[in-house]
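Student: This is the structure I want to talk about, given as structure tokens.
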Amino acid sequence: MINRKYIVLCILIVSIIILISNLSFSQELPRIAVVGITFTAPGYIWHSDSPLSQGATELMINALLETKHFRVFERAKLDAILREQNFQHFPGLVDPTTAVKLGKMIGVDAILTGSITNISFKKSEGIKIGPIKVGKSYAKVVMTIRIIDVTTGEILFSTVQEEEASKSGVSGVLPIPIPGGIGFSHQEAVDVLSAVELICN
């Protein structure tokens, strides 16, 4: 079985080569901006300004920085420009036309956009101690990722990745709501972001 991370690495390398060729053989690393990772999964729709979406976006930015193949546009500065220019918070994957407009505005070579398209949860039975049950929760996340060339609007890279994350959890207490999302407990949000981190890495 071919390693998924190897496949993703190969596609990223191809994307980087294409981006560098668009820079007229410049020695500088390609400049990329990550537009907020959104949630469009049925029953879990959040825009890019929600705390959970921002957490997923930070994970993607960190993953790009760790490759040392990109110069990543600062997210706080990007958010400020979006507000200043009256860009709406994106409800899903950014289309090529919007990516071209945004990319030229902020001076980057490419836009990375992503969306969580499916989320499912399950829990193990665990061990019951009085009114408290100690067990594991699982979150399976499906995520679409695209890199768009802002010069041509061409989609340089597109992939759909799926990961499942498991964390030990304690039930029997009130769930901690996550701002920006309805129906998520704190543990479920942790599991979702853990799965996103696996996808990014």
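Chain lettering (A, B, ...) mirrors the order of the structure tokens, residue numbering begins at 1 for each chain separately, and ligand numbering begins at 1 in order of display.
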Output as CSV one row per residue of stretch 100-126 of chain A within 6 Å of stretch 138-155 of chain A: the closest atom pair and its distance in Å to one decimal place, counting only C-alpha atoms, sorted by chain and residue number ascending.
Tutor:
```
residue,atom,partner,partner_atom,distance
A:Val100,CA,A:Val150,CA,4.2
A:Gly103,CA,A:Val150,CA,5.4
A:Asp109,CA,A:Val150,CA,5.7
A:Ala110,CA,A:Asp149,CA,4.7
A:Ile111,CA,A:Ile148,CA,5.2
A:Leu112,CA,A:Ile147,CA,4.4
A:Thr113,CA,A:Arg146,CA,5.4
A:Gly114,CA,A:Ile145,CA,4.4
A:Ser115,CA,A:Thr144,CA,5.4
A:Ile116,CA,A:Met143,CA,4.4
A:Thr117,CA,A:Val142,CA,5.7
A:Asn118,CA,A:Val142,CA,5.0
A:Ile119,CA,A:Val141,CA,4.8
A:Ser120,CA,A:Lys140,CA,5.2
A:Phe121,CA,A:Ala139,CA,4.6
A:Lys122,CA,A:Tyr138,CA,5.2
A:Lys123,CA,A:Tyr138,CA,5.9
```
Student: If we count only C-alpha atoms, what is near stretch 69-75 of chain A at a cut-off of 9 Å, once residues fewer than 5 positions away on the same chain are taken out, given as a list in words?
Tutor: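 The residues that qualify are Ile13, Ile16, Glu28, Leu29, Pro30, Arg31, Ile32, Ala33, Val34, Val35, Gly36, Thr57, Glu58, Ile61, Leu64, Ala80, Ile106 and Val108 of chain A.
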Student: In Å, how far is it from atom CA of A:Thr40 to atom CA of A:Ser53?
Tutor: 10.7 Å
Student: For a quick check of understanding, using only C-alpha atoms, which of A:Lys101, A:Cys200, A:Asn62, A:Lys136 has the smallest distance to A:Thr159?
Tutor: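 So, comparing all the options, the nearest one is A:Cys200.
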Student: Atom CA of A:Gly43 to atom CA of A:Ser137: how many Å, to one decimal?
Tutor: 18.9 Å
Student: Which residue gives the smallest distance to A:Ser166 among A:Ser194, A:Ser50, A:Thr38, A:Thr97, with only C-alpha atoms counted?
Tutor: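 So, comparing all the options, the nearest one is A:Ser194.
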Student: So how many Å separate atom CA of A:Gly107 and atom CA of A:Pro51, to one decimal?
Tutor: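 Distance between the two atoms: 26.2 Å.
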